[in-house]
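Structure file structure_38.txt (compact mmCIF, N, CA and C atoms and all ligand atoms) is printed below.
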# COMPACT_ATOMS: atom_id res chain seq x y z
N MET A 1384 79.08 40.47 141.90
CA MET A 1384 78.21 39.35 141.52
C MET A 1384 77.23 39.04 142.66
N GLU A 1385 76.00 38.79 142.33
CA GLU A 1385 74.93 38.75 143.33
C GLU A 1385 75.12 37.76 144.46
N ASN A 1386 75.50 36.53 144.08
CA ASN A 1386 75.54 35.50 145.11
C ASN A 1386 76.92 35.28 145.71
N CYS A 1387 77.82 36.21 145.45
CA CYS A 1387 79.20 36.01 145.90
C CYS A 1387 79.39 36.59 147.31
N LEU A 1388 79.86 35.75 148.21
CA LEU A 1388 80.07 36.17 149.60
C LEU A 1388 81.04 37.35 149.69
N PHE A 1389 82.13 37.30 148.93
CA PHE A 1389 83.13 38.36 149.05
C PHE A 1389 82.63 39.68 148.43
N CYS A 1390 81.85 39.60 147.35
CA CYS A 1390 81.21 40.82 146.83
C CYS A 1390 80.31 41.44 147.89
N LYS A 1391 79.61 40.58 148.64
CA LYS A 1391 78.71 41.09 149.69
C LYS A 1391 79.51 41.75 150.81
N ILE A 1392 80.64 41.21 151.16
CA ILE A 1392 81.47 41.83 152.20
C ILE A 1392 81.99 43.18 151.71
N ILE A 1393 82.43 43.24 150.45
CA ILE A 1393 82.91 44.51 149.89
C ILE A 1393 81.81 45.57 149.94
N LYS A 1394 80.59 45.15 149.61
CA LYS A 1394 79.47 46.10 149.59
C LYS A 1394 78.92 46.41 150.98
N GLY A 1395 79.41 45.70 152.00
CA GLY A 1395 78.94 45.93 153.37
C GLY A 1395 77.63 45.20 153.68
N GLU A 1396 77.23 44.28 152.80
CA GLU A 1396 75.98 43.55 153.03
C GLU A 1396 76.17 42.38 153.99
N VAL A 1397 77.42 41.93 154.09
CA VAL A 1397 77.80 40.90 155.07
C VAL A 1397 78.96 41.50 155.87
N PRO A 1398 78.94 41.35 157.20
CA PRO A 1398 80.00 41.97 157.99
C PRO A 1398 81.36 41.33 157.74
N GLY A 1399 82.38 42.17 157.82
CA GLY A 1399 83.75 41.69 157.68
C GLY A 1399 84.67 42.63 158.43
N HIS A 1400 85.86 42.17 158.74
CA HIS A 1400 86.82 43.01 159.47
C HIS A 1400 87.76 43.68 158.47
N LYS A 1401 87.29 44.80 157.93
CA LYS A 1401 88.06 45.49 156.88
C LYS A 1401 89.36 46.07 157.43
N ILE A 1402 90.42 45.90 156.65
CA ILE A 1402 91.73 46.42 157.03
C ILE A 1402 92.14 47.57 156.12
N TYR A 1403 91.75 47.48 154.84
CA TYR A 1403 92.25 48.45 153.86
C TYR A 1403 91.37 48.39 152.62
N GLU A 1404 91.22 49.54 151.95
CA GLU A 1404 90.65 49.51 150.60
C GLU A 1404 91.21 50.67 149.79
N ASP A 1405 91.29 50.49 148.49
CA ASP A 1405 91.60 51.59 147.58
C ASP A 1405 90.67 51.45 146.38
N GLU A 1406 91.01 52.13 145.29
CA GLU A 1406 90.08 52.15 144.16
C GLU A 1406 89.74 50.74 143.64
N ASN A 1407 90.74 49.88 143.58
CA ASN A 1407 90.55 48.57 142.94
C ASN A 1407 90.59 47.37 143.87
N THR A 1408 91.10 47.54 145.08
CA THR A 1408 91.30 46.37 145.94
C THR A 1408 90.68 46.57 147.32
N PHE A 1409 90.51 45.45 148.02
CA PHE A 1409 89.84 45.43 149.32
C PHE A 1409 90.51 44.35 150.16
N VAL A 1410 90.68 44.63 151.45
CA VAL A 1410 91.38 43.67 152.32
C VAL A 1410 90.59 43.50 153.61
N PHE A 1411 90.37 42.25 154.01
CA PHE A 1411 89.76 42.00 155.33
C PHE A 1411 90.42 40.79 155.96
N LEU A 1412 90.15 40.63 157.28
CA LEU A 1412 90.72 39.50 158.01
C LEU A 1412 89.99 38.22 157.65
N ASP A 1413 90.75 37.15 157.47
CA ASP A 1413 90.15 35.83 157.26
C ASP A 1413 89.41 35.43 158.55
N ILE A 1414 88.19 34.94 158.38
CA ILE A 1414 87.35 34.59 159.53
C ILE A 1414 87.88 33.36 160.27
N ASN A 1415 88.72 32.60 159.58
CA ASN A 1415 89.28 31.39 160.19
C ASN A 1415 90.80 31.43 160.01
N PRO A 1416 91.45 32.35 160.75
CA PRO A 1416 92.87 32.64 160.48
C PRO A 1416 93.81 31.48 160.80
N TRP A 1417 94.83 31.35 159.95
CA TRP A 1417 95.87 30.34 160.19
C TRP A 1417 96.90 30.88 161.18
N SER A 1418 96.97 32.21 161.30
CA SER A 1418 97.87 32.85 162.26
C SER A 1418 97.33 34.26 162.47
N ARG A 1419 97.87 34.97 163.50
CA ARG A 1419 97.35 36.30 163.82
C ARG A 1419 97.57 37.29 162.68
N GLY A 1420 96.50 37.90 162.20
CA GLY A 1420 96.61 38.89 161.14
C GLY A 1420 96.43 38.32 159.73
N HIS A 1421 96.03 37.06 159.62
CA HIS A 1421 95.79 36.43 158.30
C HIS A 1421 94.74 37.26 157.53
N CYS A 1422 95.17 37.84 156.42
CA CYS A 1422 94.30 38.72 155.61
C CYS A 1422 94.00 38.10 154.26
N LEU A 1423 92.91 38.57 153.67
CA LEU A 1423 92.60 38.24 152.28
C LEU A 1423 92.60 39.52 151.48
N VAL A 1424 93.31 39.51 150.35
CA VAL A 1424 93.41 40.67 149.45
C VAL A 1424 92.64 40.33 148.18
N LEU A 1425 91.65 41.15 147.83
CA LEU A 1425 90.85 40.82 146.65
C LEU A 1425 90.53 42.06 145.82
N PRO A 1426 90.21 41.84 144.56
CA PRO A 1426 89.79 42.97 143.73
C PRO A 1426 88.34 43.30 144.05
N LYS A 1427 87.98 44.58 143.94
CA LYS A 1427 86.57 44.94 144.12
C LYS A 1427 85.72 44.34 143.01
N LYS A 1428 86.33 44.24 141.85
CA LYS A 1428 85.64 43.63 140.70
C LYS A 1428 85.56 42.12 140.91
N HIS A 1429 84.42 41.51 140.59
CA HIS A 1429 84.30 40.07 140.73
C HIS A 1429 85.06 39.35 139.61
N ILE A 1430 86.12 38.66 139.99
CA ILE A 1430 86.91 37.86 139.06
C ILE A 1430 87.07 36.49 139.72
N ARG A 1431 86.86 35.42 138.95
CA ARG A 1431 86.83 34.10 139.56
C ARG A 1431 88.21 33.64 140.05
N ASN A 1432 89.18 33.71 139.21
CA ASN A 1432 90.49 33.15 139.60
C ASN A 1432 91.61 33.72 138.72
N ILE A 1433 92.82 33.25 138.93
CA ILE A 1433 93.98 33.83 138.24
C ILE A 1433 93.91 33.60 136.72
N LEU A 1434 93.23 32.53 136.32
CA LEU A 1434 93.14 32.22 134.89
C LEU A 1434 92.26 33.22 134.15
N GLU A 1435 91.38 33.87 134.88
CA GLU A 1435 90.43 34.80 134.26
C GLU A 1435 90.73 36.26 134.57
N ALA A 1436 91.81 36.50 135.29
CA ALA A 1436 92.09 37.86 135.76
C ALA A 1436 92.77 38.70 134.68
N ASP A 1437 92.42 39.98 134.63
CA ASP A 1437 93.06 40.91 133.70
C ASP A 1437 94.31 41.50 134.36
N ALA A 1438 95.19 42.01 133.53
CA ALA A 1438 96.50 42.48 133.99
C ALA A 1438 96.39 43.61 135.01
N GLU A 1439 95.48 44.53 134.76
CA GLU A 1439 95.35 45.68 135.66
C GLU A 1439 94.94 45.23 137.06
N SER A 1440 94.00 44.30 137.14
CA SER A 1440 93.55 43.79 138.44
C SER A 1440 94.68 43.05 139.14
N LEU A 1441 95.42 42.24 138.39
CA LEU A 1441 96.51 41.47 138.99
C LEU A 1441 97.59 42.39 139.55
N MET A 1442 97.90 43.44 138.80
CA MET A 1442 98.92 44.38 139.28
C MET A 1442 98.45 45.07 140.56
N ALA A 1443 97.20 45.50 140.55
CA ALA A 1443 96.66 46.16 141.75
C ALA A 1443 96.68 45.19 142.94
N LEU A 1444 96.34 43.93 142.69
CA LEU A 1444 96.30 42.94 143.77
C LEU A 1444 97.66 42.70 144.39
N ILE A 1445 98.67 42.53 143.55
CA ILE A 1445 99.99 42.19 144.10
C ILE A 1445 100.60 43.39 144.81
N LEU A 1446 100.29 44.59 144.34
CA LEU A 1446 100.80 45.78 145.03
C LEU A 1446 100.13 45.94 146.40
N THR A 1447 98.83 45.66 146.46
CA THR A 1447 98.15 45.71 147.77
C THR A 1447 98.65 44.59 148.67
N ALA A 1448 98.90 43.42 148.10
CA ALA A 1448 99.44 42.30 148.90
C ALA A 1448 100.77 42.71 149.53
N GLN A 1449 101.60 43.41 148.78
CA GLN A 1449 102.88 43.86 149.33
C GLN A 1449 102.66 44.89 150.45
N LYS A 1450 101.75 45.83 150.20
CA LYS A 1450 101.45 46.87 151.20
C LYS A 1450 100.98 46.24 152.52
N ILE A 1451 100.11 45.26 152.42
CA ILE A 1451 99.57 44.61 153.61
C ILE A 1451 100.64 43.77 154.30
N SER A 1452 101.52 43.18 153.51
CA SER A 1452 102.63 42.41 154.10
C SER A 1452 103.52 43.31 154.94
N VAL A 1453 103.82 44.49 154.42
CA VAL A 1453 104.66 45.45 155.16
C VAL A 1453 103.93 45.89 156.43
N LEU A 1454 102.63 46.17 156.31
CA LEU A 1454 101.82 46.57 157.46
C LEU A 1454 101.87 45.51 158.56
N ILE A 1455 101.69 44.26 158.15
CA ILE A 1455 101.67 43.15 159.11
C ILE A 1455 103.03 42.98 159.78
N LYS A 1456 104.07 43.14 159.01
CA LYS A 1456 105.42 43.04 159.58
C LYS A 1456 105.62 44.15 160.61
N ASN A 1457 105.27 45.37 160.24
CA ASN A 1457 105.52 46.51 161.12
C ASN A 1457 104.61 46.53 162.35
N LYS A 1458 103.34 46.22 162.16
CA LYS A 1458 102.39 46.39 163.26
C LYS A 1458 102.25 45.14 164.13
N LEU A 1459 102.41 43.96 163.54
CA LEU A 1459 102.21 42.73 164.32
C LEU A 1459 103.52 42.01 164.61
N GLY A 1460 104.59 42.48 164.00
CA GLY A 1460 105.90 41.86 164.26
C GLY A 1460 106.11 40.51 163.58
N ALA A 1461 105.40 40.30 162.47
CA ALA A 1461 105.62 39.04 161.75
C ALA A 1461 107.05 38.98 161.22
N GLU A 1462 107.65 37.80 161.35
CA GLU A 1462 109.04 37.63 160.88
C GLU A 1462 109.06 37.09 159.46
N GLY A 1463 107.93 36.55 159.04
CA GLY A 1463 107.83 36.01 157.68
C GLY A 1463 106.40 36.13 157.20
N ILE A 1464 106.21 35.98 155.90
CA ILE A 1464 104.86 36.08 155.31
C ILE A 1464 104.76 35.01 154.22
N ASN A 1465 103.69 34.26 154.21
CA ASN A 1465 103.36 33.43 153.05
C ASN A 1465 102.23 34.10 152.28
N VAL A 1466 102.37 34.15 150.96
CA VAL A 1466 101.31 34.62 150.08
C VAL A 1466 100.79 33.40 149.33
N LEU A 1467 99.50 33.13 149.49
CA LEU A 1467 98.92 31.90 148.96
C LEU A 1467 97.69 32.25 148.14
N GLN A 1468 97.50 31.57 147.03
CA GLN A 1468 96.35 31.89 146.18
C GLN A 1468 95.89 30.61 145.51
N ASN A 1469 94.66 30.19 145.81
CA ASN A 1469 94.13 28.91 145.33
C ASN A 1469 93.21 29.12 144.13
N ASN A 1470 93.28 28.20 143.18
CA ASN A 1470 92.43 28.27 141.98
C ASN A 1470 91.76 26.92 141.75
N SER A 1471 90.45 26.89 141.82
CA SER A 1471 89.59 25.73 141.62
C SER A 1471 89.46 24.93 142.92
N ARG A 1472 88.34 24.20 143.01
CA ARG A 1472 88.09 23.36 144.19
C ARG A 1472 89.23 22.39 144.41
N LEU A 1473 89.72 21.81 143.31
CA LEU A 1473 90.80 20.82 143.43
C LEU A 1473 92.00 21.41 144.16
N ALA A 1474 92.22 22.69 143.97
CA ALA A 1474 93.37 23.36 144.59
C ALA A 1474 93.00 24.04 145.91
N GLY A 1475 91.77 23.79 146.38
CA GLY A 1475 91.40 24.32 147.69
C GLY A 1475 90.68 25.65 147.67
N GLN A 1476 90.30 26.12 146.46
CA GLN A 1476 89.57 27.40 146.41
C GLN A 1476 88.11 27.16 146.83
N MET A 1477 87.68 27.82 147.89
CA MET A 1477 86.31 27.65 148.38
C MET A 1477 85.42 28.83 147.99
N VAL A 1478 86.01 29.99 147.79
CA VAL A 1478 85.22 31.18 147.40
C VAL A 1478 85.70 31.62 146.02
N ASP A 1479 84.77 31.66 145.07
CA ASP A 1479 85.13 31.92 143.67
C ASP A 1479 85.21 33.41 143.36
N HIS A 1480 85.93 34.12 144.18
CA HIS A 1480 86.27 35.54 143.94
C HIS A 1480 87.76 35.61 144.29
N ILE A 1481 88.57 35.81 143.29
CA ILE A 1481 90.03 35.68 143.47
C ILE A 1481 90.51 36.45 144.70
N HIS A 1482 91.41 35.81 145.44
CA HIS A 1482 91.97 36.45 146.64
C HIS A 1482 93.35 35.88 146.92
N PHE A 1483 94.20 36.74 147.42
CA PHE A 1483 95.50 36.31 147.92
C PHE A 1483 95.41 36.22 149.43
N HIS A 1484 95.82 35.09 149.99
CA HIS A 1484 95.98 34.97 151.44
C HIS A 1484 97.32 35.58 151.83
N ILE A 1485 97.30 36.46 152.80
CA ILE A 1485 98.53 36.98 153.38
C ILE A 1485 98.64 36.35 154.76
N ILE A 1486 99.58 35.44 154.91
CA ILE A 1486 99.65 34.63 156.13
C ILE A 1486 100.93 34.96 156.89
N PRO A 1487 100.79 35.69 158.00
CA PRO A 1487 101.97 36.06 158.78
C PRO A 1487 102.59 34.84 159.46
N ARG A 1488 103.90 34.84 159.57
CA ARG A 1488 104.60 33.77 160.28
C ARG A 1488 105.39 34.39 161.42
N TYR A 1489 105.28 33.80 162.59
CA TYR A 1489 105.90 34.33 163.81
C TYR A 1489 106.91 33.34 164.35
N LYS A 1490 107.95 33.89 164.96
CA LYS A 1490 108.93 33.05 165.65
C LYS A 1490 108.18 32.24 166.69
N ASN A 1491 108.46 30.98 166.78
CA ASN A 1491 107.78 30.08 167.73
C ASN A 1491 106.29 29.90 167.43
N GLY A 1492 105.83 30.34 166.26
CA GLY A 1492 104.43 30.10 165.87
C GLY A 1492 104.21 28.63 165.60
N SER A 1493 102.95 28.19 165.76
CA SER A 1493 102.68 26.76 165.62
C SER A 1493 102.31 26.37 164.19
N LEU A 1494 102.10 27.35 163.32
CA LEU A 1494 101.64 27.04 161.96
C LEU A 1494 102.70 26.28 161.18
N GLN A 1495 102.26 25.23 160.50
CA GLN A 1495 103.14 24.50 159.59
C GLN A 1495 102.46 24.42 158.23
N ILE A 1496 103.15 24.82 157.20
CA ILE A 1496 102.62 24.65 155.85
C ILE A 1496 103.52 23.61 155.19
N SER A 1497 102.93 22.48 154.91
CA SER A 1497 103.73 21.34 154.46
C SER A 1497 103.80 21.29 152.93
N HIS A 1498 104.94 20.94 152.38
CA HIS A 1498 104.94 20.60 150.97
C HIS A 1498 105.39 19.17 150.77
N LYS A 1499 104.94 18.34 151.65
CA LYS A 1499 105.25 16.92 151.52
C LYS A 1499 104.41 16.31 150.39
N THR A 1500 105.00 15.45 149.62
CA THR A 1500 104.26 14.74 148.58
C THR A 1500 104.96 13.43 148.27
N ASP A 1501 104.18 12.47 147.82
CA ASP A 1501 104.76 11.20 147.38
C ASP A 1501 105.15 11.27 145.91
N TYR A 1502 104.83 12.39 145.25
CA TYR A 1502 105.04 12.48 143.81
C TYR A 1502 106.52 12.46 143.46
N LYS A 1503 106.88 11.54 142.57
CA LYS A 1503 108.30 11.46 142.19
C LYS A 1503 108.44 11.31 140.68
N GLY A 1504 107.32 11.46 139.95
CA GLY A 1504 107.30 11.00 138.57
C GLY A 1504 107.78 11.95 137.49
N ASP A 1505 108.15 13.17 137.83
CA ASP A 1505 108.36 14.15 136.76
C ASP A 1505 109.64 13.90 135.99
N ASP A 1506 109.49 13.79 134.65
CA ASP A 1506 110.64 13.78 133.75
C ASP A 1506 110.87 15.24 133.36
N LEU A 1507 111.83 15.88 133.99
CA LEU A 1507 111.96 17.34 133.86
C LEU A 1507 112.22 17.76 132.42
N GLU A 1508 113.01 16.96 131.68
CA GLU A 1508 113.29 17.33 130.28
C GLU A 1508 112.01 17.29 129.45
N GLU A 1509 111.22 16.23 129.65
CA GLU A 1509 109.98 16.06 128.90
C GLU A 1509 108.99 17.19 129.24
N THR A 1510 108.88 17.51 130.52
CA THR A 1510 107.96 18.58 130.96
C THR A 1510 108.42 19.92 130.42
N GLN A 1511 109.73 20.15 130.47
CA GLN A 1511 110.27 21.41 129.93
C GLN A 1511 109.94 21.52 128.44
N LYS A 1512 110.09 20.40 127.72
CA LYS A 1512 109.82 20.39 126.28
C LYS A 1512 108.35 20.74 126.03
N LEU A 1513 107.45 20.12 126.76
CA LEU A 1513 106.01 20.38 126.58
C LEU A 1513 105.65 21.83 126.87
N LEU A 1514 106.31 22.39 127.87
CA LEU A 1514 105.95 23.74 128.30
C LEU A 1514 106.61 24.83 127.49
N THR A 1515 107.60 24.47 126.71
CA THR A 1515 108.31 25.51 125.97
C THR A 1515 108.15 25.40 124.46
N GLU A 1516 107.56 24.28 123.98
CA GLU A 1516 107.41 24.14 122.53
C GLU A 1516 106.36 25.13 122.04
N ILE A 1517 106.54 25.59 120.84
CA ILE A 1517 105.64 26.61 120.29
C ILE A 1517 104.37 25.96 119.77
N GLY A 1518 103.23 26.58 120.02
CA GLY A 1518 101.96 26.11 119.50
C GLY A 1518 101.16 25.29 120.48
P1 LIG B 1601 90.00 29.78 149.67
O1 LIG B 1601 89.86 28.40 150.26
O2 LIG B 1601 91.37 30.07 149.13
O3 LIG B 1601 88.89 30.08 148.69
O4 LIG B 1601 89.86 30.77 150.89
C1 LIG B 1601 88.64 31.20 151.36
C2 LIG B 1601 88.90 31.80 152.71
O5 LIG B 1601 87.80 32.63 153.03
C3 LIG B 1601 89.05 30.79 153.85
O6 LIG B 1601 90.33 30.92 154.44
C4 LIG B 1601 87.92 31.18 154.81
O7 LIG B 1601 88.30 31.08 156.16
C5 LIG B 1601 87.62 32.60 154.41
N1 LIG B 1601 86.27 33.04 154.67
C6 LIG B 1601 85.12 32.38 154.41
N2 LIG B 1601 84.05 33.11 154.78
C7 LIG B 1601 84.54 34.28 155.27
C8 LIG B 1601 83.94 35.45 155.83
N3 LIG B 1601 82.62 35.58 155.94
N4 LIG B 1601 84.76 36.45 156.24
C9 LIG B 1601 86.10 36.33 156.14
N5 LIG B 1601 86.72 35.25 155.61
C10 LIG B 1601 85.95 34.24 155.21
ZN ZN B 1602 82.60 38.36 144.07
Let me see whether you can do it: turn the structure in this file into structure tokens.
Amino acid sequence: MENCLFCKIIKGEVPGHKIYEDENTFVFLDINPWSRGHCLVLPKKHIRNILEADAESLMALILTAQKISVLIKNKLGAEGINVLQNNSRLAGQMVDHIHFHIIPRYKNGSLQISHKTDYKGDDLEETQKLLTEIG
């Protein structure tokens, strides 16, 4: 897509620190890493987000995400990995070309990913009913 930053990086029109590519996927270092080796895994095809992604692209993405996770563990000594994927501005998506963040976690690393929330309102039975009823 013409105005997409990540399409431009894939095409080499904007510089990026490429780590890996294959037929369907492309990986480069996040320019503002949360930890050493923070990568972004994306499809070469421009797809906005997970809601619009086709099965073949999703399969290729998750397989590359696994490959890069293993690489990061072996080469950088990461003891843990977070895989993060944001959809829509509300959820923190800033670039509208689907990507998985591969975020290495190191012993004694300073990164904290919080899941603190004040939300306490869920009626689990009611939510389960809504999500499982047919139609
Ligand atoms: P998201 O907020 O999930 O859309 O993530 C977008 C990510 O792209 C952020 O973590 C940015 O640091 C990263 N980013 C933005 N511009 C570039 C760039 N030119 N090269 C590499 N990563 C970038
Ligand atoms: Zn794009």
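Each residue with an atom within 6.5 Å of any atom of ligand LIG 1601 (chain B) appears in the list, which was built counting all atoms listed in the file: Pro1398, Gly1399, His1400, Phe1411, Leu1412, Asp1413, Ile1414, Asn1415, Pro1416, Gln1468, Asn1469, Gly1475, Gln1476, Met1477, Val1478 and Asp1479 of chain A.
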task = Give the strand (DSSP E) residues of chain A, as DSSP finds them on the backbone, and put them as a VMD selection string.
result = chain A and resid 1401 to 1404 1408 to 1412 1422 to 1426 1463 to 1467 1483 to 1488
ask   = A:Leu1454, A:Ile1496, A:Cys1422, A:Ala1436: which is nearest A:Asn1470, counting only C-alpha atoms?
value =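 The closest residue to A:Asn1470 is A:Ala1436.
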request  = Give the residues close to ligand ZN 1602 (chain B), within 7 Å, counting only C-alpha atoms and all ligand atoms; write them as an NGL selection string.
outcome  = :A and (1384 or 1387-1390 or 1428-1430 or 1479-1480)
request  = With a distance cut-off of 7 Å and only N, CA and C atoms, select the neighbouring residues of stretch 1444-1452 of chain A, excluding the residue or stretch itself and same-chain residues fewer than 4 positions from it, and output the selection as an MDAnalysis selection string.
outcome  = chainID A and resid 1407:1408 1424:1426 1439:1440 1456:1457 1464 1485
With N, CA and C atoms retained, could you export that selection as a PDB file, keeping the file's coordinate frame?
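Dumped to result-v7.pdb:
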ATOM      1  N   ASN A1407      90.740  49.880 143.580  1.00  0.00           N
ATOM      2  CA  ASN A1407      90.550  48.570 142.940  1.00  0.00           C
ATOM      3  C   ASN A1407      90.590  47.370 143.870  1.00  0.00           C
ATOM      4  N   THR A1408      91.100  47.540 145.080  1.00  0.00           N
ATOM      5  CA  THR A1408      91.300  46.370 145.940  1.00  0.00           C
ATOM      6  C   THR A1408      90.680  46.570 147.320  1.00  0.00           C
ATOM      7  N   VAL A1424      93.310  39.510 150.350  1.00  0.00           N
ATOM      8  CA  VAL A1424      93.410  40.670 149.450  1.00  0.00           C
ATOM      9  C   VAL A1424      92.640  40.330 148.180  1.00  0.00           C
ATOM     10  N   LEU A1425      91.650  41.150 147.830  1.00  0.00           N
ATOM     11  CA  LEU A1425      90.850  40.820 146.650  1.00  0.00           C
ATOM     12  C   LEU A1425      90.530  42.060 145.820  1.00  0.00           C
ATOM     13  N   PRO A1426      90.210  41.840 144.560  1.00  0.00           N
ATOM     14  CA  PRO A1426      89.790  42.970 143.730  1.00  0.00           C
ATOM     15  C   PRO A1426      88.340  43.300 144.050  1.00  0.00           C
ATOM     16  N   GLU A1439      95.480  44.530 134.760  1.00  0.00           N
ATOM     17  CA  GLU A1439      95.350  45.680 135.660  1.00  0.00           C
ATOM     18  C   GLU A1439      94.940  45.230 137.060  1.00  0.00           C
ATOM     19  N   SER A1440      94.000  44.300 137.140  1.00  0.00           N
ATOM     20  CA  SER A1440      93.550  43.790 138.440  1.00  0.00           C
ATOM     21  C   SER A1440      94.680  43.050 139.140  1.00  0.00           C
ATOM     22  N   LYS A1456     104.070  43.140 159.010  1.00  0.00           N
ATOM     23  CA  LYS A1456     105.420  43.040 159.580  1.00  0.00           C
ATOM     24  C   LYS A1456     105.620  44.150 160.610  1.00  0.00           C
ATOM     25  N   ASN A1457     105.270  45.370 160.240  1.00  0.00           N
ATOM     26  CA  ASN A1457     105.520  46.510 161.120  1.00  0.00           C
ATOM     27  C   ASN A1457     104.610  46.530 162.350  1.00  0.00           C
ATOM     28  N   ILE A1464     106.210  35.980 155.900  1.00  0.00           N
ATOM     29  CA  ILE A1464     104.860  36.080 155.310  1.00  0.00           C
ATOM     30  C   ILE A1464     104.760  35.010 154.220  1.00  0.00           C
ATOM     31  N   ILE A1485      97.300  36.460 152.800  1.00  0.00           N
ATOM     32  CA  ILE A1485      98.530  36.980 153.380  1.00  0.00           C
ATOM     33  C   ILE A1485      98.640  36.350 154.760  1.00  0.00           C
TER      34      ILE A1485
END
query = Between A:Ser1471, A:Gly1492, A:Val1466, A:Lys1401, which has the minimum distance to A:Leu1434 (counting only C-alpha atoms)?
reply =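 Once distances to A:Leu1434 are computed over only C-alpha atoms, the minimum belongs to A:Ser1471.
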